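For reference, work-v2.pdb (PDB, C-alpha atoms and all ligand atoms):
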```pdb
ATOM      1  CA  MET A   1       3.777  -2.374   0.315
ATOM      2  CA  PRO A   2       5.067  -0.702   3.497
ATOM      3  CA  ASP A   3       3.679  -1.810   6.839
ATOM      4  CA  PRO A   4       0.666   0.202   8.110
ATOM      5  CA  SER A   5       1.454   3.201  10.318
ATOM      6  CA  LEU A   6       1.666   2.161  13.942
ATOM      7  CA  LEU A   7       1.139   4.186  17.113
ATOM      8  CA  LEU A   8       2.396   2.492  20.259
ATOM      9  CA  LEU A   9       1.361   3.907  23.642
ATOM     10  CA  ILE A  10       3.274   3.241  26.854
ATOM     11  CA  PRO A  11       1.599   4.347  30.107
ATOM     12  CA  ALA A  12       4.201   5.278  32.684
ATOM     13  CA  TYR A  13       4.095   6.156  36.353
ATOM     14  CA  ASN A  14       7.373   6.639  38.236
ATOM     15  CA  GLU A  15       9.318   4.568  35.732
ATOM     16  CA  GLU A  16      12.679   6.370  35.692
ATOM     17  CA  ALA A  17      14.468   3.179  36.709
ATOM     18  CA  ARG A  18      12.877   0.850  34.151
ATOM     19  CA  ILE A  19      11.765   2.741  31.059
ATOM     20  CA  GLU A  20      14.908   3.894  29.245
ATOM     21  CA  PRO A  21      16.216   0.555  27.906
ATOM     22  CA  VAL A  22      12.657  -0.427  26.980
ATOM     23  CA  LEU A  23      12.114   2.732  24.910
ATOM     24  CA  ARG A  24      15.472   2.386  23.181
ATOM     25  CA  HIS A  25      14.889  -1.294  22.463
ATOM     26  CA  TYR A  26      11.439  -0.644  20.940
ATOM     27  CA  ALA A  27      12.564   2.391  18.914
ATOM     28  CA  ASP A  28      15.651   0.573  17.611
ATOM     29  CA  PHE A  29      13.824  -2.625  16.802
ATOM     30  CA  PHE A  30      10.982  -0.950  14.911
ATOM     31  CA  ARG A  31      13.422   1.294  13.022
ATOM     32  CA  ARG A  32      15.165  -1.819  11.721
ATOM     33  CA  ASN A  33      12.249  -4.219  11.321
ATOM     34  CA  TYR A  34       9.172  -2.180  10.459
ATOM     35  CA  SER A  35       8.764  -0.575   7.053
ATOM     36  CA  GLY A  36       5.853   1.755   7.898
ATOM     37  CA  PRO A  37       5.770   4.909  10.061
ATOM     38  CA  PHE A  38       6.215   4.110  13.758
ATOM     39  CA  HIS A  39       5.321   6.485  16.612
ATOM     40  CA  LEU A  40       5.887   5.691  20.239
ATOM     41  CA  VAL A  41       4.124   7.922  22.766
ATOM     42  CA  VAL A  42       4.737   7.585  26.500
ATOM     43  CA  VAL A  43       1.751   8.749  28.544
ATOM     44  CA  LEU A  44       2.873   9.931  31.960
ATOM     45  CA  ASN A  45       0.820  11.230  34.809
ATOM     46  CA  GLY A  46       1.607  12.509  38.233
ATOM     47  CA  CYS A  47       5.141  11.072  38.206
ATOM     48  CA  ARG A  48       7.090  12.043  41.299
ATOM     49  CA  ASP A  49      10.412  10.986  39.831
ATOM     50  CA  ASN A  50      12.408  11.870  36.713
ATOM     51  CA  THR A  51      10.544   9.718  34.180
ATOM     52  CA  LEU A  52       9.824  12.736  31.982
ATOM     53  CA  ALA A  53      13.492  13.722  31.730
ATOM     54  CA  VAL A  54      14.401  10.136  30.818
ATOM     55  CA  VAL A  55      11.754  10.040  28.082
ATOM     56  CA  GLN A  56      12.879  13.426  26.749
ATOM     57  CA  ARG A  57      16.477  12.197  26.593
ATOM     58  CA  VAL A  58      15.449   9.171  24.528
ATOM     59  CA  ALA A  59      13.229  11.344  22.292
ATOM     60  CA  GLN A  60      16.299  13.399  21.332
ATOM     61  CA  ASP A  61      17.841  10.284  19.799
ATOM     62  CA  TYR A  62      14.664   8.937  18.183
ATOM     63  CA  PRO A  63      12.346  11.372  16.391
ATOM     64  CA  GLY A  64       9.491   8.836  16.455
ATOM     65  CA  VAL A  65       9.381   8.936  20.260
ATOM     66  CA  GLY A  66       7.150  11.486  22.025
ATOM     67  CA  TRP A  67       5.170  11.909  25.233
ATOM     68  CA  LEU A  68       2.045  13.276  26.858
ATOM     69  CA  ASP A  69       2.261  14.401  30.462
ATOM     70  CA  PHE A  70      -0.728  14.939  32.741
ATOM     71  CA  PRO A  71      -0.245  16.344  36.220
ATOM     72  CA  ALA A  72      -3.508  14.857  37.559
ATOM     73  CA  PRO A  73      -3.578  11.276  38.942
ATOM     74  CA  ILE A  74      -5.610   9.909  36.027
ATOM     75  CA  GLY A  75      -4.377   6.311  36.421
ATOM     76  CA  LYS A  76      -3.102   3.848  33.852
ATOM     77  CA  GLY A  77      -6.540   3.545  32.228
ATOM     78  CA  GLY A  78      -6.996   7.310  32.216
ATOM     79  CA  ALA A  79      -3.577   7.700  30.584
ATOM     80  CA  LEU A  80      -4.497   5.189  27.880
ATOM     81  CA  ILE A  81      -7.852   6.889  27.263
ATOM     82  CA  GLU A  82      -5.918  10.141  26.678
ATOM     83  CA  GLY A  83      -3.336   8.400  24.502
ATOM     84  CA  LEU A  84      -5.997   6.772  22.345
ATOM     85  CA  LYS A  85      -7.184  10.256  21.385
ATOM     86  CA  LEU A  86      -4.083  10.325  19.154
ATOM     87  CA  ALA A  87      -5.578   7.494  17.094
ATOM     88  CA  GLU A  88      -5.294   9.495  13.868
ATOM     89  CA  ARG A  89      -1.500   9.024  14.031
ATOM     90  CA  GLY A  90      -1.706   5.304  13.256
ATOM     91  CA  GLU A  91      -3.703   2.872  11.182
ATOM     92  CA  LEU A  92      -2.893   0.525  14.034
ATOM     93  CA  ILE A  93      -2.780   1.563  17.684
ATOM     94  CA  GLY A  94      -1.400  -0.561  20.473
ATOM     95  CA  TYR A  95      -0.055  -0.411  23.987
ATOM     96  CA  VAL A  96       2.488  -2.184  26.162
ATOM     97  CA  ASP A  97       3.847  -1.594  29.674
ATOM     98  CA  ALA A  98       6.913   0.493  30.452
ATOM     99  CA  ASP A  99       8.790  -2.398  32.056
ATOM    100  CA  GLY A 100       9.477  -4.392  28.885
ATOM    101  CA  ALA A 101       7.606  -7.523  30.021
ATOM    102  CA  THR A 102       6.781  -8.005  26.342
ATOM    103  CA  GLY A 103       9.643  -7.145  24.039
ATOM    104  CA  PRO A 104       9.350  -5.477  20.617
ATOM    105  CA  LYS A 105       9.870  -8.731  18.703
ATOM    106  CA  ALA A 106       6.939 -10.390  20.484
ATOM    107  CA  PHE A 107       4.827  -7.267  19.964
ATOM    108  CA  LEU A 108       5.589  -7.222  16.235
ATOM    109  CA  GLU A 109       4.674 -10.916  15.979
ATOM    110  CA  LEU A 110       1.361 -10.042  17.627
ATOM    111  CA  ALA A 111       0.858  -7.192  15.139
ATOM    112  CA  ARG A 112       1.270  -9.625  12.242
ATOM    113  CA  HIS A 113      -2.075 -11.217  13.248
ATOM    114  CA  ILE A 114      -4.100  -8.028  12.780
ATOM    115  CA  GLY A 115      -5.224  -9.185   9.323
ATOM    116  CA  GLN A 116      -7.471 -11.715  11.072
ATOM    117  CA  ALA A 117      -9.208  -9.360  13.525
ATOM    118  CA  ASP A 118      -9.946  -5.774  14.591
ATOM    119  CA  CYS A 119      -8.060  -6.204  17.836
ATOM    120  CA  VAL A 120      -5.275  -8.637  18.706
ATOM    121  CA  ILE A 121      -4.352  -9.234  22.339
ATOM    122  CA  GLY A 122      -1.466 -11.107  23.859
ATOM    123  CA  SER A 123      -2.278 -13.956  26.209
ATOM    124  CA  ARG A 124      -0.167 -15.516  28.936
ATOM    125  CA  TRP A 125      -2.751 -18.218  29.497
ATOM    126  CA  LEU A 126      -3.059 -19.812  26.061
ATOM    127  CA  PRO A 127      -1.070 -22.927  25.144
ATOM    128  CA  GLY A 128       1.968 -21.764  23.203
ATOM    129  CA  SER A 129       2.650 -18.723  25.369
ATOM    130  CA  VAL A 130       6.223 -18.460  26.651
ATOM    131  CA  LEU A 131       6.619 -17.250  30.230
ATOM    132  CA  LEU A 132      10.336 -16.571  30.677
ATOM    133  CA  GLN A 133       9.555 -15.352  34.193
ATOM    134  CA  ALA A 134       6.033 -15.960  35.527
ATOM    135  CA  GLN A 135       4.220 -13.612  37.920
ATOM    136  CA  PRO A 136       4.437 -14.484  41.635
ATOM    137  CA  LYS A 137       2.107 -17.361  42.585
ATOM    138  CA  PHE A 138      -0.243 -15.256  44.728
ATOM    139  CA  ARG A 139      -0.561 -12.657  41.948
ATOM    140  CA  GLN A 140      -1.439 -15.479  39.531
ATOM    141  CA  PHE A 141      -4.114 -16.720  41.933
ATOM    142  CA  VAL A 142      -5.686 -13.246  42.252
ATOM    143  CA  SER A 143      -5.486 -12.865  38.483
ATOM    144  CA  ARG A 144      -7.409 -16.136  37.970
ATOM    145  CA  CYS A 145     -10.102 -15.064  40.458
ATOM    146  CA  PHE A 146     -10.441 -11.806  38.543
ATOM    147  CA  HIS A 147     -10.650 -13.742  35.290
ATOM    148  CA  LEU A 148     -13.487 -15.832  36.710
ATOM    149  CA  ILE A 149     -15.446 -12.731  37.707
ATOM    150  CA  VAL A 150     -14.917 -11.137  34.285
ATOM    151  CA  GLU A 151     -16.024 -14.331  32.556
ATOM    152  CA  LEU A 152     -19.159 -14.594  34.745
ATOM    153  CA  PHE A 153     -20.051 -10.956  34.115
ATOM    154  CA  PHE A 154     -19.316 -10.704  30.394
ATOM    155  CA  TRP A 155     -18.949 -14.207  28.959
ATOM    156  CA  MET A 156     -16.279 -13.109  26.436
ATOM    157  CA  HIS A 157     -14.208 -16.309  26.660
ATOM    158  CA  ILE A 158     -10.985 -14.324  26.785
ATOM    159  CA  LYS A 159      -8.390 -16.107  28.907
ATOM    160  CA  ASP A 160      -6.172 -13.104  29.644
ATOM    161  CA  THR A 161      -7.999  -9.782  29.562
ATOM    162  CA  GLN A 162      -5.218  -8.112  31.564
ATOM    163  CA  CYS A 163      -2.170  -8.795  29.391
ATOM    164  CA  PRO A 164      -0.817  -5.320  28.630
ATOM    165  CA  CYS A 165      -0.036  -6.048  25.026
ATOM    166  CA  LYS A 166      -2.876  -5.107  22.716
ATOM    167  CA  LEU A 167      -3.256  -3.782  19.186
ATOM    168  CA  MET A 168      -6.335  -2.369  17.452
ATOM    169  CA  ARG A 169      -7.354  -0.934  14.143
ATOM    170  CA  ARG A 170      -7.950   2.808  14.150
ATOM    171  CA  GLU A 171     -11.622   2.423  13.113
ATOM    172  CA  ALA A 172     -12.267   0.261  16.173
ATOM    173  CA  VAL A 173     -10.578   2.736  18.542
ATOM    174  CA  GLU A 174     -12.496   5.683  17.133
ATOM    175  CA  LYS A 175     -15.802   3.859  17.308
ATOM    176  CA  ILE A 176     -15.524   2.767  20.930
ATOM    177  CA  HIS A 177     -13.488   5.591  22.469
ATOM    178  CA  SER A 178     -16.477   7.333  24.007
ATOM    179  CA  SER A 179     -17.363   4.089  25.865
ATOM    180  CA  LEU A 180     -14.057   4.102  27.744
ATOM    181  CA  ARG A 181     -14.576   5.200  31.349
ATOM    182  CA  ILE A 182     -12.424   3.062  33.606
ATOM    183  CA  ALA A 183      -9.233   4.762  34.753
ATOM    184  CA  ASP A 184      -7.727   2.031  36.925
ATOM    185  CA  LEU A 185      -6.271  -1.313  35.862
ATOM    186  CA  ALA A 186      -9.655  -2.757  34.885
ATOM    187  CA  PHE A 187      -9.437  -0.446  31.840
ATOM    188  CA  ASP A 188      -8.620  -3.487  29.692
ATOM    189  CA  VAL A 189     -11.963  -5.084  30.554
ATOM    190  CA  ASN A 190     -13.781  -1.860  29.664
ATOM    191  CA  LEU A 191     -11.936  -1.800  26.327
ATOM    192  CA  LEU A 192     -12.625  -5.433  25.429
ATOM    193  CA  VAL A 193     -16.293  -5.267  26.420
ATOM    194  CA  ALA A 194     -16.740  -2.095  24.337
ATOM    195  CA  LEU A 195     -15.095  -3.760  21.316
ATOM    196  CA  ASN A 196     -17.271  -6.838  21.742
ATOM    197  CA  GLN A 197     -20.472  -4.826  22.112
ATOM    198  CA  ALA A 198     -19.628  -2.815  18.995
ATOM    199  CA  GLY A 199     -19.212  -6.069  17.042
ATOM    200  CA  PHE A 200     -15.434  -5.928  16.540
ATOM    201  CA  ARG A 201     -13.508  -9.179  16.396
ATOM    202  CA  VAL A 202     -10.962  -9.722  19.183
ATOM    203  CA  LEU A 203      -8.290 -12.356  18.626
ATOM    204  CA  GLU A 204      -6.259 -13.692  21.543
ATOM    205  CA  VAL A 205      -2.809 -15.057  20.670
ATOM    206  CA  PRO A 206      -0.093 -16.628  22.837
ATOM    207  CA  ILE A 207       2.654 -14.185  23.782
ATOM    208  CA  GLU A 208       6.197 -14.222  25.093
ATOM    209  CA  TRP A 209       6.286 -12.588  28.509
ATOM    210  CA  SER A 210       8.774 -12.009  31.265
ATOM    211  CA  ASP A 211       7.508 -10.607  34.551
ATOM    212  CA  GLN A 212       9.666  -7.694  35.716
ATOM    213  CA  ALA A 213      10.679  -6.687  39.212
ATOM    214  CA  GLY A 214       9.328  -3.391  40.526
ATOM    215  CA  SER A 215       5.593  -3.886  39.916
ATOM    216  CA  LYS A 216       3.498  -1.268  41.708
ATOM    217  CA  VAL A 217       0.423  -3.452  41.298
ATOM    218  CA  THR A 218       1.875  -6.412  43.173
ATOM    219  CA  ALA A 219       3.009  -3.975  45.889
ATOM    220  CA  SER A 220      -0.597  -2.843  46.477
ATOM    221  CA  LEU A 221      -2.420  -5.956  45.313
ATOM    222  CA  PHE A 222      -5.298  -5.852  47.793
ATOM    223  CA  ARG A 223      -6.235  -2.242  47.100
ATOM    224  CA  SER A 224      -5.753  -2.572  43.333
ATOM    225  CA  SER A 225      -7.875  -5.742  43.201
ATOM    226  CA  LEU A 226     -10.763  -4.168  45.123
ATOM    227  CA  ALA A 227     -10.758  -1.129  42.841
ATOM    228  CA  MET A 228     -10.683  -3.417  39.794
ATOM    229  CA  PHE A 229     -13.626  -5.386  41.146
ATOM    230  CA  LEU A 230     -15.599  -2.205  41.676
ATOM    231  CA  SER A 231     -14.738  -1.118  38.146
ATOM    232  CA  VAL A 232     -15.883  -4.337  36.471
ATOM    233  CA  VAL A 233     -19.175  -4.062  38.371
ATOM    234  CA  ARG A 234     -19.487  -0.545  36.973
ATOM    235  CA  VAL A 235     -18.755  -1.733  33.403
ATOM    236  CA  ARG A 236     -21.405  -4.436  33.836
ATOM    237  CA  LEU A 237     -23.903  -1.830  35.029
ATOM    238  CA  ILE A 238     -23.183   0.476  32.088
ATOM    239  CA  TYR A 239     -24.602  -2.259  29.848
ATOM    240  CA  TRP A 240     -27.646  -2.658  32.120
ATOM    241  CA  PRO A 241     -28.879   0.942  31.886
ATOM    242  CA  TRP A 242     -32.027   0.382  33.990
ATOM    243  CA  LEU A 243     -30.013  -0.879  36.961
ATOM    244  CA  TYR A 244     -27.363   1.794  36.368
ATOM    245  CA  GLN A 245     -30.023   4.482  36.706
ATOM    246  CA  LEU A 246     -31.554   2.786  39.739
ATOM    247  CA  LEU A 247     -28.201   2.770  41.544
ATOM    248  CA  ARG A 248     -27.358   6.368  40.647
ATOM    249  CA  PRO A 249     -27.955   7.602  44.240
ATOM    250  CA  LEU A 250     -25.024   5.396  45.341
ATOM    251  CA  ARG A 251     -22.554   7.426  43.257
ATOM    252  CA  PRO A 252     -21.165   9.464  46.176
ATOM    253  CA  LEU A 253     -20.511   6.224  48.074
ATOM    254  CA  GLU A 254     -18.725   4.798  45.042
ATOM    255  CA  GLY A 255     -16.598   7.938  44.810
ATOM    256  CA  TRP A 256     -15.712   7.621  48.487
ATOM    257  CA  VAL A 257     -14.636   3.985  48.058
ATOM    258  CA  TYR A 258     -12.379   4.788  45.078
ATOM    259  CA  LYS A 259     -10.823   7.569  47.128
ATOM    260  CA  LYS A 260     -10.216   5.261  50.098
ATOM    261  CA  LEU A 261      -8.616   2.720  47.767
ATOM    262  CA  ARG A 262      -6.467   5.504  46.307
ATOM    263  CA  ALA A 263      -7.707   4.491  42.863
ATOM    264  CA  PRO A 264      -8.481   6.876  40.008
ATOM    265  CA  GLN A 265     -12.193   7.640  39.612
ATOM    266  CA  PRO A 266     -13.985   6.454  36.483
ATOM    267  CA  LEU A 267     -14.663   9.211  33.957
ATOM    268  CA  SER A 268     -18.090  10.806  34.087
ATOM    269  CA  GLU A 269     -20.231  11.172  30.962
ATOM    270  CA  SER A 270     -19.288  14.828  30.620
ATOM    271  CA  GLN A 271     -15.562  13.977  30.625
ATOM    272  CA  VAL A 272     -15.893  11.563  27.736
ATOM    273  CA  GLN A 273     -15.467  12.862  24.239
ATOM    274  CA  SER A 274     -14.677  11.076  21.017
ATOM    275  CA  PRO A 275     -11.262  11.541  19.441
ATOM    276  CA  LYS A 276     -11.079  13.585  16.273
ATOM    277  CA  SER A 277     -11.734  11.497  13.195
ATOM    278  CA  LYS A 278      -9.397  12.011  10.248
ATOM    279  CA  ASP A 279     -12.160  12.795   7.767
TER     280      ASP A 279
HETATM  281  N1  LIG A 301       0.257   6.734  33.258
HETATM  282  C1  LIG A 301       0.156   5.849  34.265
HETATM  283  N2  LIG A 301       0.734   4.640  34.142
HETATM  284  C2  LIG A 301       0.618   3.767  35.156
HETATM  285  C3  LIG A 301      -0.087   4.065  36.357
HETATM  286  N3  LIG A 301      -0.001   2.978  37.183
HETATM  287  C4  LIG A 301       0.719   2.048  36.527
HETATM  288  N4  LIG A 301       1.125   2.527  35.312
HETATM  289  C5  LIG A 301       1.910   1.848  34.277
HETATM  290  O1  LIG A 301       1.286   0.618  34.010
HETATM  291  C6  LIG A 301       2.256  -0.367  33.682
HETATM  292  C7  LIG A 301       2.093  -1.595  34.568
HETATM  293  O2  LIG A 301       2.552  -1.311  35.849
HETATM  294  P1  LIG A 301       3.342  -2.381  36.720
HETATM  295  O3  LIG A 301       3.606  -1.750  38.028
HETATM  296  O4  LIG A 301       4.527  -2.910  35.943
HETATM  297  O5  LIG A 301       2.250  -3.512  36.903
HETATM  298  P2  LIG A 301       2.233  -5.059  36.509
HETATM  299  O6  LIG A 301       3.148  -5.256  35.335
HETATM  300  O7  LIG A 301       0.797  -5.323  36.177
HETATM  301  O8  LIG A 301       2.669  -5.765  37.714
HETATM  302  C8  LIG A 301       3.602   0.336  33.777
HETATM  303  O9  LIG A 301       3.958   0.807  32.504
HETATM  304  C9  LIG A 301       3.308   1.472  34.728
HETATM  305  O10 LIG A 301       4.195   2.549  34.616
HETATM  306  C10 LIG A 301      -0.691   5.362  36.471
HETATM  307  O11 LIG A 301      -1.318   5.709  37.468
HETATM  308  N5  LIG A 301      -0.542   6.186  35.388
HETATM  309 MG    MG A 302       4.977  -4.896  35.081
END
```
Can you dump the structure from the file as structure tokens?
Amino acid sequence: MPDPSLLLLIPAYNEEARIEPVLRHYADFFRRNYSGPFHLVVVLNGCRDNTLAVVQRVAQDYPGVGWLDFPAPIGKGGALIEGLKLAERGELIGYVDADGATGPKAFLELARHIGQADCVIGSRWLPGSVLLQAQPKFRQFVSRCFHLIVELFFWMHIKDTQCPCKLMRREAVEKIHSSLRIADLAFDVNLLVALNQAGFRVLEVPIEWSDQAGSKVTASLFRSSLAMFLSVVRVRLIYWPWLYQLLRPLRPLEGWVYKKLRAPQPLSESQVQSPKSKD
């Protein structure tokens, strides 16, 4: 039996310097090691460099590689929400970062666990994970503080919600897509909480990871962390509808804070629509 069709999304913002070898490595590896259909879609938005031209050059060599390009600053989460609308292209849908922190071999090993769950996520904090190059110490500290907040708010017992290496079944994506609102880097929390609430099983497995130079998150860690905190509060409130309604008058203030933090605004109810289902 061939492997199930797989759609891999890669969000990319100003990645002209890092993305080309990563795309070629993934496309090559899956061509040789994966027997089912494989599509790789780069989701770009607001790039001010030549990322699009680089992706187009790679796509000429690999027919399975494509892209979506949005001019608006929709953020990494916003880009993934758009990409997940293509769910009908794969029985399995996953995403990784453009910098190659997780290579294709490690991603395929992760995919092999999907028989045991509806969503499999890589973890840098489980015993057995291999960190060829760890994140800087201060980034790790901030990451653990964030983890603590997420655990207090949602009690999911997931050690690494933020690892950008996740794979889901199409049914799960289609069911929860309309619950995805968070456009900044706390998108992963939004996704995992939605899967949990909908009763899907999330399995966390150790991953091989190598932190890459050139992170835009580390470069703006304070701003990014504040926006992520605000976003997890919002996700918490979405599941407490009475409080959410009560705090509605504070919306303009929230919008102002996101703007000051130069973070993408969460999607409003009217912006959210479910992806097309195949049947
Ligand atoms: N589409 C899109 N991708 C983004 C945006 N911000 C970050 N990314 C992508 O998210 C991934 C992680 O970014 P990176 O700077 O490597 O952060 P780190 O690995 O968490 O330190 C990369 O693939 C980036 O190109 C954004 O605003 N839009
Ligand atoms: Mg990175």
>> Residue by residue, what does the PyMOL selection byres (((chain A and resi 125) around 8) and not hetatm) grab here? Present the result as a list in words.
In response: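 Those residues are Ser123, Arg124, Leu126, Pro127, Ser129, Lys159, Asp160 and Pro206 of chain A.
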Residues of chain A that have any atom at most 6 Å from an atom of ligand MG 302 (chain A): could you tabulate them with the shortest-distance atom pair and the distance in Å to one decimal, using all atoms listed in the file, ordered by chain and increasing number, as CSV?
```
residue,atom,partner,partner_atom,distance
A:Asp99,CA,A:MG302,MG,5.5
A:Gln212,CA,A:MG302,MG,5.5
A:Ser215,CA,A:MG302,MG,5.0
```
Axis-aligned box over every listed atom of ligand LIG 301 (chain A), padded by 3 Å per side: centre and edges in Å to one decimal, as AutoDock Vina command-line options?
```
--center_x 1.6 --center_y 0.5 --center_z 35.3 --size_x 11.8 --size_y 18.5 --size_z 11.5
```
On this file, the PyMOL selection byres (((not hetatm)) within 9 of (chain A and resi 301)) gives some set of residues; write that set as a PDB file with C-alpha atoms, in the frame of the given file.
```pdb
ATOM      1  CA  ILE A  10       3.274   3.241  26.854  1.00  0.00           C
ATOM      2  CA  PRO A  11       1.599   4.347  30.107  1.00  0.00           C
ATOM      3  CA  ALA A  12       4.201   5.278  32.684  1.00  0.00           C
ATOM      4  CA  TYR A  13       4.095   6.156  36.353  1.00  0.00           C
ATOM      5  CA  ASN A  14       7.373   6.639  38.236  1.00  0.00           C
ATOM      6  CA  GLU A  15       9.318   4.568  35.732  1.00  0.00           C
ATOM      7  CA  ARG A  18      12.877   0.850  34.151  1.00  0.00           C
ATOM      8  CA  ILE A  19      11.765   2.741  31.059  1.00  0.00           C
ATOM      9  CA  VAL A  42       4.737   7.585  26.500  1.00  0.00           C
ATOM     10  CA  VAL A  43       1.751   8.749  28.544  1.00  0.00           C
ATOM     11  CA  LEU A  44       2.873   9.931  31.960  1.00  0.00           C
ATOM     12  CA  ASN A  45       0.820  11.230  34.809  1.00  0.00           C
ATOM     13  CA  GLY A  46       1.607  12.509  38.233  1.00  0.00           C
ATOM     14  CA  CYS A  47       5.141  11.072  38.206  1.00  0.00           C
ATOM     15  CA  ASP A  69       2.261  14.401  30.462  1.00  0.00           C
ATOM     16  CA  PHE A  70      -0.728  14.939  32.741  1.00  0.00           C
ATOM     17  CA  PRO A  73      -3.578  11.276  38.942  1.00  0.00           C
ATOM     18  CA  ILE A  74      -5.610   9.909  36.027  1.00  0.00           C
ATOM     19  CA  GLY A  75      -4.377   6.311  36.421  1.00  0.00           C
ATOM     20  CA  LYS A  76      -3.102   3.848  33.852  1.00  0.00           C
ATOM     21  CA  GLY A  77      -6.540   3.545  32.228  1.00  0.00           C
ATOM     22  CA  GLY A  78      -6.996   7.310  32.216  1.00  0.00           C
ATOM     23  CA  ALA A  79      -3.577   7.700  30.584  1.00  0.00           C
ATOM     24  CA  LEU A  80      -4.497   5.189  27.880  1.00  0.00           C
ATOM     25  CA  VAL A  96       2.488  -2.184  26.162  1.00  0.00           C
ATOM     26  CA  ASP A  97       3.847  -1.594  29.674  1.00  0.00           C
ATOM     27  CA  ALA A  98       6.913   0.493  30.452  1.00  0.00           C
ATOM     28  CA  ASP A  99       8.790  -2.398  32.056  1.00  0.00           C
ATOM     29  CA  GLY A 100       9.477  -4.392  28.885  1.00  0.00           C
ATOM     30  CA  ALA A 101       7.606  -7.523  30.021  1.00  0.00           C
ATOM     31  CA  GLN A 135       4.220 -13.612  37.920  1.00  0.00           C
ATOM     32  CA  ARG A 139      -0.561 -12.657  41.948  1.00  0.00           C
ATOM     33  CA  GLN A 162      -5.218  -8.112  31.564  1.00  0.00           C
ATOM     34  CA  CYS A 163      -2.170  -8.795  29.391  1.00  0.00           C
ATOM     35  CA  PRO A 164      -0.817  -5.320  28.630  1.00  0.00           C
ATOM     36  CA  ALA A 183      -9.233   4.762  34.753  1.00  0.00           C
ATOM     37  CA  ASP A 184      -7.727   2.031  36.925  1.00  0.00           C
ATOM     38  CA  LEU A 185      -6.271  -1.313  35.862  1.00  0.00           C
ATOM     39  CA  ASP A 211       7.508 -10.607  34.551  1.00  0.00           C
ATOM     40  CA  GLN A 212       9.666  -7.694  35.716  1.00  0.00           C
ATOM     41  CA  ALA A 213      10.679  -6.687  39.212  1.00  0.00           C
ATOM     42  CA  GLY A 214       9.328  -3.391  40.526  1.00  0.00           C
ATOM     43  CA  SER A 215       5.593  -3.886  39.916  1.00  0.00           C
ATOM     44  CA  LYS A 216       3.498  -1.268  41.708  1.00  0.00           C
ATOM     45  CA  VAL A 217       0.423  -3.452  41.298  1.00  0.00           C
ATOM     46  CA  THR A 218       1.875  -6.412  43.173  1.00  0.00           C
ATOM     47  CA  ALA A 219       3.009  -3.975  45.889  1.00  0.00           C
ATOM     48  CA  ALA A 263      -7.707   4.491  42.863  1.00  0.00           C
ATOM     49  CA  PRO A 264      -8.481   6.876  40.008  1.00  0.00           C
TER      50      PRO A 264
END
```
>> What does the structure give for the distance between CA of Leu237 in chain A and CA of Val120 in chain A, in Å to one decimal?
In response: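 CA of Val120 in chain A lies 25.7 Å from CA of Leu237 in chain A.
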>> What does the structure give for the distance between CA of Asp188 in chain A and CA of Thr102 in chain A, in Å to one decimal?
In response: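 Taking CA of Asp188 in chain A as the start and CA of Thr102 in chain A as the end point, the length is 16.4 Å.
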> To one decimal place, how far is CA of Gly255 in chain A from CA of Ser220 in chain A in Å?
Replying inline: 19.4 Å
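Of the residues listed (A:Gln245, A:Asn190, A:Gln133, A:Gln56), A:Asn190 shows the shortest atom-to-atom separation from Leu267 in chain A; distances use all atoms listed in the file.
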> For the file shown, what are the residues hit by the PyMOL selection byres (((chain A and resi 175) around 12) and not hetatm), laid out as a ChimeraX atom specification?
Replying inline: /A:84-85,87,118,168-174,176-180,191,194-200,273-277
>> I want to know what sits within 10 Å of range 27-38 of chain A, based on all atoms listed in the file, with residues of the same chain fewer than 5 positions away left out; could you give that as a PyMOL selection string?
In response: chain A and resi 1-8+21-22+58-59+61-65+89-92+103-105+108
